>>> print(open('query24.tsv').read())   # TSV, C-alpha atoms
chain	number	residue	atom	x	y	z
X	8	MET	CA	0.92	-26.14	10.45
X	9	SER	CA	0.07	-26.48	14.13
X	10	THR	CA	2.10	-26.23	17.33
X	11	ASP	CA	0.79	-25.91	20.87
X	12	GLY	CA	-2.72	-25.16	19.69
X	13	VAL	CA	-1.58	-22.59	17.11
X	14	ALA	CA	-2.51	-23.19	13.49
X	15	VAL	CA	-1.53	-21.04	10.51
X	16	ARG	CA	-3.55	-21.29	7.32
X	17	THR	CA	-4.49	-19.36	4.19
X	18	MET	CA	-7.24	-16.81	4.76
X	19	ARG	CA	-10.65	-17.02	3.20
X	20	ARG	CA	-11.78	-13.98	1.24
X	21	GLN	CA	-13.94	-12.53	4.00
X	22	GLU	CA	-11.15	-12.91	6.56
X	23	VAL	CA	-9.01	-10.31	4.80
X	24	ARG	CA	-11.50	-7.78	6.17
X	25	VAL	CA	-10.56	-8.94	9.67
X	26	ALA	CA	-6.89	-8.21	9.00
X	27	VAL	CA	-7.73	-4.78	7.55
X	28	GLY	CA	-9.78	-4.08	10.68
X	29	TRP	CA	-6.78	-4.98	12.85
X	30	ALA	CA	-4.67	-2.61	10.75
X	31	GLU	CA	-7.15	0.16	11.52
X	32	GLN	CA	-6.89	-0.63	15.24
X	33	GLU	CA	-3.10	-0.32	14.95
X	34	GLY	CA	-3.55	3.23	13.61
X	35	TRP	CA	-2.43	2.46	10.06
X	36	ASN	CA	-5.63	3.95	8.59
X	37	PRO	CA	-6.20	1.59	5.65
X	38	GLY	CA	-8.98	2.09	3.13
X	39	VAL	CA	-12.45	1.10	4.21
X	40	TYR	CA	-12.87	-1.10	1.12
X	41	ASP	CA	-9.26	-2.26	0.67
X	42	ALA	CA	-9.89	-5.93	1.47
X	43	GLU	CA	-11.39	-6.89	-1.91
X	44	ALA	CA	-8.58	-5.25	-3.89
X	45	PHE	CA	-5.96	-6.79	-1.62
X	46	TYR	CA	-7.43	-10.27	-2.10
X	47	ALA	CA	-7.57	-9.83	-5.88
X	48	ALA	CA	-3.80	-9.35	-5.97
X	49	ASP	CA	-3.07	-12.90	-4.77
X	50	PRO	CA	-5.81	-14.97	-3.11
X	51	GLU	CA	-3.20	-17.42	-1.78
X	52	GLY	CA	-1.08	-14.68	-0.19
X	53	PHE	CA	-2.99	-13.99	3.03
X	54	PHE	CA	-2.41	-15.98	6.22
X	55	ILE	CA	-4.15	-16.13	9.57
X	56	ALA	CA	-2.96	-17.59	12.85
X	57	GLU	CA	-5.49	-19.22	15.16
X	58	LEU	CA	-5.06	-20.31	18.75
X	59	ASP	CA	-7.51	-23.08	19.57
X	60	GLY	CA	-9.66	-21.80	16.70
X	61	GLU	CA	-9.55	-18.12	17.69
X	62	PRO	CA	-7.96	-15.69	15.16
X	63	ILE	CA	-4.94	-14.01	16.76
X	64	GLY	CA	-2.78	-12.69	13.90
X	65	SER	CA	-2.31	-12.06	10.20
X	66	VAL	CA	0.29	-11.52	7.53
X	67	SER	CA	0.14	-11.05	3.78
X	68	VAL	CA	2.89	-11.91	1.33
X	69	VAL	CA	1.47	-11.17	-2.10
X	70	ASN	CA	3.23	-12.69	-5.09
X	71	TYR	CA	3.02	-10.17	-7.92
X	72	SER	CA	5.31	-12.04	-10.32
X	73	GLU	CA	7.85	-14.87	-10.43
X	74	ALA	CA	10.46	-12.40	-9.16
X	75	PHE	CA	8.69	-10.03	-6.75
X	76	ALA	CA	6.43	-10.22	-3.69
X	77	PHE	CA	5.34	-7.71	-1.05
X	78	ALA	CA	4.76	-8.37	2.65
X	79	GLY	CA	2.30	-6.51	4.86
X	80	LEU	CA	-0.58	-6.79	7.33
X	81	TYR	CA	1.81	-8.40	9.82
X	82	ILE	CA	-0.27	-8.03	12.98
X	83	LEU	CA	-0.53	-10.05	16.16
X	84	ARG	CA	-3.25	-9.12	18.61
X	85	PRO	CA	-1.54	-7.37	21.55
X	86	GLU	CA	-2.31	-10.01	24.17
X	87	TYR	CA	-0.59	-12.70	22.05
X	88	ARG	CA	2.67	-10.91	21.29
X	89	ASN	CA	6.14	-12.03	22.41
X	90	ARG	CA	5.14	-15.69	22.58
X	91	GLY	CA	6.68	-16.87	19.32
X	92	TYR	CA	3.37	-17.01	17.48
X	93	GLY	CA	4.30	-14.16	15.16
X	94	SER	CA	7.47	-15.90	13.99
X	95	ARG	CA	5.48	-18.96	12.88
X	96	LEU	CA	2.97	-16.78	11.10
X	97	PHE	CA	5.63	-14.76	9.30
X	98	ALA	CA	7.48	-17.92	8.28
X	99	ALA	CA	4.36	-19.17	6.50
X	100	GLY	CA	4.13	-15.96	4.52
X	101	MET	CA	7.79	-15.97	3.59
X	102	ALA	CA	7.51	-19.58	2.42
X	103	HIS	CA	4.73	-18.53	0.04
X	104	ALA	CA	7.10	-16.03	-1.59
X	105	GLY	CA	9.81	-18.64	-2.14
X	106	ASN	CA	12.94	-17.16	-3.70
X	107	ARG	CA	11.33	-13.90	-4.78
X	108	ASN	CA	12.62	-10.47	-3.82
X	109	ILE	CA	10.23	-9.42	-1.04
X	110	GLY	CA	9.43	-5.78	-0.35
X	111	GLY	CA	7.73	-4.29	2.68
X	112	ASP	CA	7.11	-1.15	4.69
X	113	GLY	CA	8.24	-1.56	8.25
X	114	VAL	CA	8.45	0.46	11.43
X	115	LEU	CA	11.72	2.40	11.61
X	116	ALA	CA	12.50	1.17	15.12
X	117	MET	CA	12.31	-2.48	13.98
X	118	GLN	CA	14.97	-2.31	11.27
X	119	GLU	CA	17.56	-4.38	13.12
X	120	LYS	CA	15.01	-7.13	13.78
X	121	TYR	CA	13.93	-7.16	10.13
X	122	ARG	CA	17.56	-7.43	9.00
X	123	THR	CA	18.73	-10.13	11.39
X	124	ARG	CA	15.63	-12.33	11.40
X	125	SER	CA	14.38	-12.03	7.83
X	126	GLY	CA	17.20	-10.55	5.74
X	127	PHE	CA	15.45	-7.26	4.93
X	128	THR	CA	17.62	-4.21	4.29
X	129	LEU	CA	16.60	-0.55	4.30
X	130	ALA	CA	16.11	1.16	0.95
X	131	TYR	CA	14.65	4.54	2.01
X	132	ARG	CA	11.97	6.12	4.17
X	133	ASN	CA	8.37	6.89	3.25
X	134	ILE	CA	6.73	9.89	4.91
X	135	ARG	CA	2.99	10.15	5.46
X	136	PHE	CA	1.68	13.71	5.17
X	137	GLU	CA	-1.71	14.96	6.36
X	138	GLY	CA	-3.64	17.94	5.05
X	139	THR	CA	-7.17	19.06	4.25
X	140	GLY	CA	-9.00	18.55	0.96
X	141	GLY	CA	-10.62	21.27	-1.10
X	142	GLY	CA	-9.81	23.82	-3.74
X	143	ASN	CA	-10.57	23.91	-7.44
X	144	GLU	CA	-9.93	21.07	-9.86
X	145	PRO	CA	-7.43	22.01	-12.64
X	146	GLU	CA	-8.42	21.60	-16.27
X	147	ARG	CA	-5.80	19.09	-17.43
X	148	PRO	CA	-6.69	15.98	-15.40
X	149	VAL	CA	-9.36	13.66	-16.80
X	150	ASP	CA	-11.35	10.92	-15.09
X	151	ILE	CA	-9.44	7.63	-15.34
X	152	ASP	CA	-12.68	5.88	-16.26
X	153	GLY	CA	-12.11	7.33	-19.73
X	154	VAL	CA	-8.53	6.04	-19.99
X	155	PRO	CA	-8.03	2.60	-21.63
X	156	PHE	CA	-7.17	0.19	-18.82
X	157	ASP	CA	-4.32	-1.48	-20.73
X	158	ARG	CA	-2.57	1.89	-21.00
X	159	LEU	CA	-3.14	2.61	-17.32
X	160	ALA	CA	-1.78	-0.81	-16.33
X	161	ALA	CA	1.28	-0.35	-18.53
X	162	TYR	CA	2.01	3.07	-17.01
X	163	ASP	CA	1.52	1.65	-13.51
X	164	ALA	CA	3.97	-1.18	-14.25
X	165	ARG	CA	6.69	1.36	-15.02
X	166	HIS	CA	6.44	2.58	-11.43
X	167	PHE	CA	6.08	-0.71	-9.54
X	168	PRO	CA	8.46	-3.69	-9.38
X	169	ALA	CA	6.00	-5.95	-11.25
X	170	PRO	CA	2.84	-5.68	-13.35
X	171	ARG	CA	-0.26	-5.84	-11.15
X	172	PRO	CA	-3.35	-5.61	-13.41
X	173	ARG	CA	-5.67	-7.73	-11.21
X	174	PHE	CA	-4.93	-5.63	-8.17
X	175	LEU	CA	-5.08	-2.34	-10.09
X	176	GLU	CA	-8.44	-3.07	-11.69
X	177	ALA	CA	-9.96	-3.79	-8.27
X	178	TRP	CA	-8.15	-0.85	-6.63
X	179	ILE	CA	-9.42	1.87	-8.93
X	180	ARG	CA	-12.99	0.54	-8.75
X	181	GLN	CA	-13.33	0.49	-4.96
X	182	GLU	CA	-16.48	2.10	-3.63
X	183	GLY	CA	-15.86	5.79	-2.93
X	184	THR	CA	-12.66	5.86	-5.01
X	185	ARG	CA	-11.93	8.47	-7.66
X	186	GLY	CA	-9.04	8.66	-10.10
X	187	ARG	CA	-7.56	11.28	-12.38
X	188	ALA	CA	-4.97	11.14	-15.17
X	189	VAL	CA	-3.13	13.67	-17.29
X	190	LEU	CA	-2.73	12.74	-20.94
X	191	ALA	CA	0.05	13.90	-23.24
X	192	GLU	CA	-0.28	14.44	-26.97
X	193	GLY	CA	-1.36	11.25	-28.67
X	194	GLY	CA	-3.22	10.12	-25.59
X	195	GLU	CA	-0.18	8.76	-23.77
X	196	ILE	CA	-0.43	8.88	-19.99
X	197	ALA	CA	1.76	11.49	-18.30
X	198	GLY	CA	0.57	10.68	-14.81
X	199	TYR	CA	-2.30	9.28	-12.78
X	200	GLY	CA	-3.53	9.13	-9.22
X	201	VAL	CA	-6.30	7.71	-7.06
X	202	ILE	CA	-7.97	8.92	-3.86
X	203	ARG	CA	-9.92	6.48	-1.68
X	204	LYS	CA	-11.98	6.58	1.48
X	205	CYS	CA	-10.09	5.46	4.59
X	206	TYR	CA	-11.21	4.86	8.16
X	207	HIS	CA	-10.14	8.45	8.81
X	208	GLY	CA	-10.30	10.85	5.90
X	209	HIS	CA	-9.07	9.99	2.41
X	210	LYS	CA	-5.73	8.83	1.06
X	211	ILE	CA	-4.09	9.61	-2.27
X	212	GLY	CA	-2.22	6.65	-3.67
X	213	PRO	CA	-0.80	5.86	-6.02
X	214	LEU	CA	0.30	9.16	-7.51
X	215	PHE	CA	2.71	8.61	-10.38
X	216	ALA	CA	3.69	11.40	-12.78
X	217	ASP	CA	6.32	12.24	-15.36
X	218	THR	CA	6.94	15.69	-13.87
X	219	PRO	CA	6.27	17.56	-10.63
X	220	GLU	CA	3.88	19.86	-12.50
X	221	VAL	CA	1.75	16.96	-13.67
X	222	ALA	CA	1.83	15.46	-10.16
X	223	GLU	CA	0.60	18.73	-8.66
X	224	ASP	CA	-2.29	19.00	-11.12
X	225	ILE	CA	-3.39	15.46	-10.27
X	226	PHE	CA	-2.97	16.07	-6.55
X	227	LEU	CA	-5.13	19.20	-6.73
X	228	ALA	CA	-7.79	17.40	-8.80
X	229	LEU	CA	-8.00	14.59	-6.26
X	230	SER	CA	-7.93	16.86	-3.23
X	231	ALA	CA	-10.79	18.88	-4.72
X	232	GLN	CA	-13.00	15.77	-4.52
X	233	VAL	CA	-13.10	15.83	-0.70
X	234	PRO	CA	-13.45	19.45	0.48
X	235	GLY	CA	-12.87	19.92	4.19
X	236	GLU	CA	-11.91	16.27	4.74
X	237	PRO	CA	-8.53	15.02	6.01
X	238	VAL	CA	-6.25	14.00	3.12
X	239	TYR	CA	-3.14	11.82	3.37
X	240	ILE	CA	-0.33	10.96	0.98
X	241	ASP	CA	2.68	8.68	1.53
X	242	THR	CA	5.74	10.11	-0.20
X	243	PRO	CA	9.11	8.43	-0.79
X	244	GLU	CA	11.63	10.67	0.99
X	245	PRO	CA	14.23	10.47	-1.83
X	246	ASN	CA	11.76	12.24	-4.14
X	247	ALA	CA	12.42	15.79	-2.95
X	248	ALA	CA	9.79	17.16	-5.36
X	249	ALA	CA	7.14	14.93	-3.76
X	250	VAL	CA	8.03	16.09	-0.27
X	251	ALA	CA	8.05	19.70	-1.47
X	252	LEU	CA	4.62	19.23	-3.11
X	253	ALA	CA	3.12	17.97	0.14
X	254	ARG	CA	4.60	20.82	2.15
X	255	ARG	CA	3.54	23.40	-0.45
X	256	GLN	CA	-0.03	22.18	-0.03
X	257	GLY	CA	0.15	22.85	3.71
X	258	MET	CA	0.49	19.20	4.68
X	259	VAL	CA	2.45	18.06	7.74
X	260	PRO	CA	4.31	14.77	8.37
X	261	VAL	CA	2.50	12.45	10.78
X	262	PHE	CA	4.08	9.01	10.28
X	263	GLU	CA	7.07	7.28	8.67
X	264	THR	CA	7.92	3.80	7.46
X	265	ALA	CA	11.06	2.13	6.17
X	266	ARG	CA	10.82	0.63	2.66
X	267	ILE	CA	12.74	-2.63	2.87
X	268	TYR	CA	13.70	-5.48	0.50
X	269	THR	CA	15.23	-8.91	0.91
X	270	LYS	CA	17.30	-8.57	-2.27
X	271	ALA	CA	18.37	-5.71	-4.53
X	272	VAL	CA	16.37	-2.49	-4.44
X	273	PRO	CA	14.24	-2.42	-7.65
X	274	GLY	CA	15.34	0.19	-10.16
X	275	LEU	CA	12.20	2.31	-10.08
X	276	PRO	CA	11.97	5.96	-11.21
X	277	LEU	CA	11.54	7.36	-7.68
X	278	ASP	CA	11.47	10.90	-9.08
X	279	GLU	CA	8.13	9.94	-10.70
X	280	ILE	CA	6.64	8.30	-7.59
X	281	PHE	CA	4.86	11.04	-5.63
X	282	GLY	CA	2.49	8.83	-3.65
X	283	VAL	CA	2.86	5.20	-2.57
X	284	THR	CA	-0.15	3.01	-3.36
X	285	SER	CA	-0.40	1.27	0.01
X	286	PHE	CA	1.91	0.42	2.91
X	287	GLU	CA	0.18	-2.98	3.04
X	288	LEU	CA	0.64	-4.07	-0.59
X	289	GLY	CA	3.31	-1.72	-1.93
>>> encode(input="query24.tsv", output="structure tokens")
Amino acid sequence: MSTDGVAVRTMRRQEVRVAVGWAEQEGWNPGVYDAEAFYAADPEGFFIAELDGEPIGSVSVVNYSEAFAFAGLYILRPEYRNRGYGSRLFAAGMAHAGNRNIGGDGVLAMQEKYRTRSGFTLAYRNIRFEGTGGGNEPERPVDIDGVPFDRLAAYDARHFPAPRPRFLEAWIRQEGTRGRAVLAEGGEIAGYGVIRKCYHGHKIGPLFADTPEVAEDIFLALSAQVPGEPVYIDTPEPNAAAVALARRQGMVPVFETARIYTKAVPGLPLDEIFGVTSFELG
């Protein structure tokens, strides 16, 4: 669609890197290699706004299933804000989601705007903690490369509003990414986590675990991979054990978002979600 020289269209694969770069400029600290995994989730779910052919903004609304989508990467270059361009861009993304329940992570100060303009309501806060990697790797966690992917995808789907195997397969195989899992008797997964290289330091996410003890073992195993480097984890505030784990590891809060949905809040086991995968894709 085009109005006054502004056109909104679906991004090409390489253009997702542009949006991730804008996210880095905004201080969101995405992963250096996130673009390929993002695109794998839903190649039709990324939109770019152009003014007379020049890229000026982005949004992603990734359809994970017939019932659930997640919005992110909503960025307008500073010099083009407050001109109505962002509304047109966001409308294109929302249209892609159709009647799905749409999740997102928004700025706390923008909650009223999200509610009145787009129908999003607050579910809870996510808190980003920062610390320093290092320490010894516990014995229990194993490399996720040795875990059957179908089991990993099934465990992941218990902790996310929809199955996401295409995204997950690309996510855990990013360059510079390492993953660990704890297995119960019989080889069932009791928890898993991933740490990836970001523009600044490294970020743990997701970190899903049946118990706080399993979560801590995985956290320590991942942190041990990057000694002396900054480490981040985004914890859902309602999971008191996750917040306590971050603080026990000497981490400090540096940023917050509001997890929002357009419909009912999905019935996820928040007490097993210790680290959010990504503010951009959920």
>>> residues_around(input="query24.tsv", residues="Gly186 of chain X", least_positions_apart="5", cutoff="9 Å", atoms="only C-alpha atoms", output="list in words")
Val149, Asp150, Ile151, Asp152, Ile179, Tyr199, Gly200, Val201, Ile202, Arg203, Ile225, Ala228 and Leu229 of chain X
>>> closest_atom_pairs(input="query24.tsv", of="segment 200-281 of chain X", to="segment 109-119 of chain X", cutoff="10 Å", atoms="all atoms listed in the file", output="Markdown table")
| residue | atom | partner | partner_atom | distance |
| --- | --- | --- | --- | --- |
| X:Phe262 | CA | X:Val114 | CA | 9.7 |
| X:Glu263 | CA | X:Leu115 | CA | 7.4 |
| X:Thr264 | CA | X:Val114 | CA | 5.2 |
| X:Ala265 | CA | X:Gly113 | CA | 5.1 |
| X:Arg266 | CA | X:Asp112 | CA | 4.6 |
| X:Ile267 | CA | X:Gly111 | CA | 5.3 |
| X:Tyr268 | CA | X:Gly110 | CA | 4.4 |
| X:Thr269 | CA | X:Ile109 | CA | 5.4 |
| X:Lys270 | CA | X:Ile109 | CA | 7.2 |
| X:Ala271 | CA | X:Ile109 | CA | 9.6 |
| X:Val272 | CA | X:Gly110 | CA | 8.7 |
| X:Pro273 | CA | X:Gly110 | CA | 9.4 |
>>> atom_distance(input="query24.tsv", atom1="atom CA of Ile134 of chain X", atom2="atom CA of Pro245 of chain X")
10.1 Å
>>> closest_residue(input="query24.tsv", among="X:Gln181, X:Arg19, X:Leu277, X:Ala26", to="Ala130 of chain X", atoms="all atoms listed in the file")
X:Leu277
>>> closest_residue(input="query24.tsv", among="X:Asp278, X:Glu43, X:Glu146, X:Glu244", to="Val25 of chain X", atoms="all atoms listed in the file")
X:Glu43
>>> residues_around(input="query24.tsv", residues="Glu223 of chain X", least_positions_apart="3", cutoff="10 Å", atoms="all atoms listed in the file", output="ChimeraX atom specification")
/X:145,214,216,218-220,226-229,248-249,252-253,255-256,281
>>> atom_distance(input="query24.tsv", atom1="atom CA of Gly141 of chain X", atom2="atom CA of Ser230 of chain X")
5.6 Å
>>> closest_residue(input="query24.tsv", among="X:Ile196, X:Ala30, X:Ala56, X:Val39", to="Met18 of chain X", atoms="only C-alpha atoms")
X:Ala56
>>> residues_around(input="query24.tsv", residues="Asn70 of chain X", least_positions_apart="6", cutoff="8 Å", atoms="all atoms listed in the file", output="NGL selection string")
:X and (48-49 or 52 or 76-77 or 103-104)
>>> closest_residue(input="query24.tsv", among="X:Phe136, X:Gly100, X:His209, X:His166", to="Arg185 of chain X", atoms="only C-alpha atoms")
X:His209
>>> closest_residue(input="query24.tsv", among="X:Arg20, X:Arg122, X:Arg171, X:Arg95", to="Leu288 of chain X", atoms="all atoms listed in the file")
X:Arg171
>>> closest_residue(input="query24.tsv", among="X:Val250, X:Gly64, X:Asp217, X:Gln21", to="Gly91 of chain X", atoms="all atoms listed in the file")
X:Gly64
>>> atom_distance(input="query24.tsv", atom1="atom CA of Lys204 of chain X", atom2="atom CA of Thr139 of chain X")
13.7 Å
>>> residues_around(input="query24.tsv", residues="Gly153 of chain X", least_positions_apart="5", cutoff="12 Å", atoms="all atoms listed in the file", output="JSON, numbers by chain")
{"X": [148, 158, 159, 186, 187, 188, 189, 190, 194, 196]}
>>> write_last_selection(input="query24.tsv", atoms="C-alpha atoms", output="CSV table (one decimal), keeping the file's coordinate frame")
chain,number,residue,atom,x,y,z
X,148,PRO,CA,-6.7,16.0,-15.4
X,158,ARG,CA,-2.6,1.9,-21.0
X,159,LEU,CA,-3.1,2.6,-17.3
X,186,GLY,CA,-9.0,8.7,-10.1
X,187,ARG,CA,-7.6,11.3,-12.4
X,188,ALA,CA,-5.0,11.1,-15.2
X,189,VAL,CA,-3.1,13.7,-17.3
X,190,LEU,CA,-2.7,12.7,-20.9
X,194,GLY,CA,-3.2,10.1,-25.6
X,196,ILE,CA,-0.4,8.9,-20.0
>>> build_atoms(input="query24.tsv", residues="segment 210-244 of chain X", atoms="N, CA and C atoms", output="PDB file, keeping the file's coordinate frame")
ATOM      1  N   LYS X 210      -7.148   8.973   1.348  1.00  0.00           N
ATOM      2  CA  LYS X 210      -5.730   8.830   1.060  1.00  0.00           C
ATOM      3  C   LYS X 210      -5.498   8.831  -0.452  1.00  0.00           C
ATOM      4  N   ILE X 211      -4.494   9.578  -0.875  1.00  0.00           N
ATOM      5  CA  ILE X 211      -4.090   9.610  -2.270  1.00  0.00           C
ATOM      6  C   ILE X 211      -2.992   8.568  -2.474  1.00  0.00           C
ATOM      7  N   GLY X 212      -3.218   7.663  -3.398  1.00  0.00           N
ATOM      8  CA  GLY X 212      -2.220   6.650  -3.670  1.00  0.00           C
ATOM      9  C   GLY X 212      -2.788   5.581  -4.608  1.00  0.00           C
ATOM     10  N   PRO X 213      -2.096   5.282  -5.689  1.00  0.00           N
ATOM     11  CA  PRO X 213      -0.800   5.860  -6.020  1.00  0.00           C
ATOM     12  C   PRO X 213      -0.945   7.251  -6.619  1.00  0.00           C
ATOM     13  N   LEU X 214       0.180   7.944  -6.711  1.00  0.00           N
ATOM     14  CA  LEU X 214       0.300   9.160  -7.510  1.00  0.00           C
ATOM     15  C   LEU X 214       1.629   9.067  -8.235  1.00  0.00           C
ATOM     16  N   PHE X 215       1.545   8.728  -9.517  1.00  0.00           N
ATOM     17  CA  PHE X 215       2.710   8.610 -10.380  1.00  0.00           C
ATOM     18  C   PHE X 215       2.621   9.676 -11.462  1.00  0.00           C
ATOM     19  N   ALA X 216       3.722  10.337 -11.775  1.00  0.00           N
ATOM     20  CA  ALA X 216       3.690  11.400 -12.780  1.00  0.00           C
ATOM     21  C   ALA X 216       5.065  11.607 -13.392  1.00  0.00           C
ATOM     22  N   ASP X 217       5.055  12.007 -14.656  1.00  0.00           N
ATOM     23  CA  ASP X 217       6.320  12.240 -15.360  1.00  0.00           C
ATOM     24  C   ASP X 217       7.066  13.450 -14.825  1.00  0.00           C
ATOM     25  N   THR X 218       6.317  14.448 -14.346  1.00  0.00           N
ATOM     26  CA  THR X 218       6.940  15.690 -13.870  1.00  0.00           C
ATOM     27  C   THR X 218       6.246  16.158 -12.595  1.00  0.00           C
ATOM     28  N   PRO X 219       6.929  16.998 -11.812  1.00  0.00           N
ATOM     29  CA  PRO X 219       6.270  17.560 -10.630  1.00  0.00           C
ATOM     30  C   PRO X 219       5.028  18.378 -10.963  1.00  0.00           C
ATOM     31  N   GLU X 220       5.031  19.039 -12.116  1.00  0.00           N
ATOM     32  CA  GLU X 220       3.880  19.860 -12.500  1.00  0.00           C
ATOM     33  C   GLU X 220       2.653  18.995 -12.754  1.00  0.00           C
ATOM     34  N   VAL X 221       2.854  17.877 -13.436  1.00  0.00           N
ATOM     35  CA  VAL X 221       1.750  16.960 -13.670  1.00  0.00           C
ATOM     36  C   VAL X 221       1.257  16.381 -12.348  1.00  0.00           C
ATOM     37  N   ALA X 222       2.197  16.012 -11.468  1.00  0.00           N
ATOM     38  CA  ALA X 222       1.830  15.460 -10.160  1.00  0.00           C
ATOM     39  C   ALA X 222       0.983  16.448  -9.369  1.00  0.00           C
ATOM     40  N   GLU X 223       1.345  17.737  -9.429  1.00  0.00           N
ATOM     41  CA  GLU X 223       0.600  18.730  -8.660  1.00  0.00           C
ATOM     42  C   GLU X 223      -0.808  18.905  -9.212  1.00  0.00           C
ATOM     43  N   ASP X 224      -0.954  18.890 -10.527  1.00  0.00           N
ATOM     44  CA  ASP X 224      -2.290  19.000 -11.120  1.00  0.00           C
ATOM     45  C   ASP X 224      -3.170  17.835 -10.673  1.00  0.00           C
ATOM     46  N   ILE X 225      -2.616  16.632 -10.681  1.00  0.00           N
ATOM     47  CA  ILE X 225      -3.390  15.460 -10.270  1.00  0.00           C
ATOM     48  C   ILE X 225      -3.716  15.536  -8.785  1.00  0.00           C
ATOM     49  N   PHE X 226      -2.738  15.924  -7.987  1.00  0.00           N
ATOM     50  CA  PHE X 226      -2.970  16.070  -6.550  1.00  0.00           C
ATOM     51  C   PHE X 226      -4.117  17.047  -6.294  1.00  0.00           C
ATOM     52  N   LEU X 227      -4.091  18.190  -6.937  1.00  0.00           N
ATOM     53  CA  LEU X 227      -5.130  19.200  -6.730  1.00  0.00           C
ATOM     54  C   LEU X 227      -6.497  18.686  -7.182  1.00  0.00           C
ATOM     55  N   ALA X 228      -6.514  17.941  -8.299  1.00  0.00           N
ATOM     56  CA  ALA X 228      -7.790  17.400  -8.800  1.00  0.00           C
ATOM     57  C   ALA X 228      -8.373  16.396  -7.814  1.00  0.00           C
ATOM     58  N   LEU X 229      -7.514  15.580  -7.216  1.00  0.00           N
ATOM     59  CA  LEU X 229      -8.000  14.590  -6.260  1.00  0.00           C
ATOM     60  C   LEU X 229      -8.411  15.233  -4.949  1.00  0.00           C
ATOM     61  N   SER X 230      -7.617  16.172  -4.476  1.00  0.00           N
ATOM     62  CA  SER X 230      -7.930  16.860  -3.230  1.00  0.00           C
ATOM     63  C   SER X 230      -9.255  17.609  -3.328  1.00  0.00           C
ATOM     64  N   ALA X 231      -9.547  18.122  -4.518  1.00  0.00           N
ATOM     65  CA  ALA X 231     -10.790  18.880  -4.720  1.00  0.00           C
ATOM     66  C   ALA X 231     -12.031  17.996  -4.565  1.00  0.00           C
ATOM     67  N   GLN X 232     -11.864  16.672  -4.632  1.00  0.00           N
ATOM     68  CA  GLN X 232     -13.000  15.770  -4.520  1.00  0.00           C
ATOM     69  C   GLN X 232     -13.537  15.670  -3.100  1.00  0.00           C
ATOM     70  N   VAL X 233     -12.710  16.057  -2.107  1.00  0.00           N
ATOM     71  CA  VAL X 233     -13.100  15.830  -0.700  1.00  0.00           C
ATOM     72  C   VAL X 233     -12.906  17.116   0.114  1.00  0.00           C
ATOM     73  N   PRO X 234     -13.629  18.181  -0.217  1.00  0.00           N
ATOM     74  CA  PRO X 234     -13.450  19.450   0.480  1.00  0.00           C
ATOM     75  C   PRO X 234     -13.685  19.342   1.984  1.00  0.00           C
ATOM     76  N   GLY X 235     -12.750  19.892   2.745  1.00  0.00           N
ATOM     77  CA  GLY X 235     -12.870  19.920   4.190  1.00  0.00           C
ATOM     78  C   GLY X 235     -12.533  18.631   4.893  1.00  0.00           C
ATOM     79  N   GLU X 236     -12.221  17.579   4.149  1.00  0.00           N
ATOM     80  CA  GLU X 236     -11.910  16.270   4.740  1.00  0.00           C
ATOM     81  C   GLU X 236     -10.386  16.112   4.910  1.00  0.00           C
ATOM     82  N   PRO X 237      -9.958  15.321   5.896  1.00  0.00           N
ATOM     83  CA  PRO X 237      -8.530  15.020   6.010  1.00  0.00           C
ATOM     84  C   PRO X 237      -8.038  14.262   4.779  1.00  0.00           C
ATOM     85  N   VAL X 238      -6.866  14.646   4.290  1.00  0.00           N
ATOM     86  CA  VAL X 238      -6.250  14.000   3.120  1.00  0.00           C
ATOM     87  C   VAL X 238      -4.839  13.576   3.500  1.00  0.00           C
ATOM     88  N   TYR X 239      -4.456  12.355   3.074  1.00  0.00           N
ATOM     89  CA  TYR X 239      -3.140  11.820   3.370  1.00  0.00           C
ATOM     90  C   TYR X 239      -2.446  11.410   2.071  1.00  0.00           C
ATOM     91  N   ILE X 240      -1.125  11.498   2.078  1.00  0.00           N
ATOM     92  CA  ILE X 240      -0.330  10.960   0.980  1.00  0.00           C
ATOM     93  C   ILE X 240       0.982  10.456   1.562  1.00  0.00           C
ATOM     94  N   ASP X 241       1.430   9.290   1.070  1.00  0.00           N
ATOM     95  CA  ASP X 241       2.680   8.680   1.530  1.00  0.00           C
ATOM     96  C   ASP X 241       3.734   8.898   0.459  1.00  0.00           C
ATOM     97  N   THR X 242       4.733   9.714   0.782  1.00  0.00           N
ATOM     98  CA  THR X 242       5.740  10.110  -0.200  1.00  0.00           C
ATOM     99  C   THR X 242       7.074   9.429   0.068  1.00  0.00           C
ATOM    100  N   PRO X 243       7.753   8.922  -0.974  1.00  0.00           N
ATOM    101  CA  PRO X 243       9.110   8.430  -0.790  1.00  0.00           C
ATOM    102  C   PRO X 243      10.053   9.608  -0.494  1.00  0.00           C
ATOM    103  N   GLU X 244      10.775   9.542   0.607  1.00  0.00           N
ATOM    104  CA  GLU X 244      11.630  10.670   0.990  1.00  0.00           C
ATOM    105  C   GLU X 244      12.670  11.037  -0.066  1.00  0.00           C
TER     106      GLU X 244
END
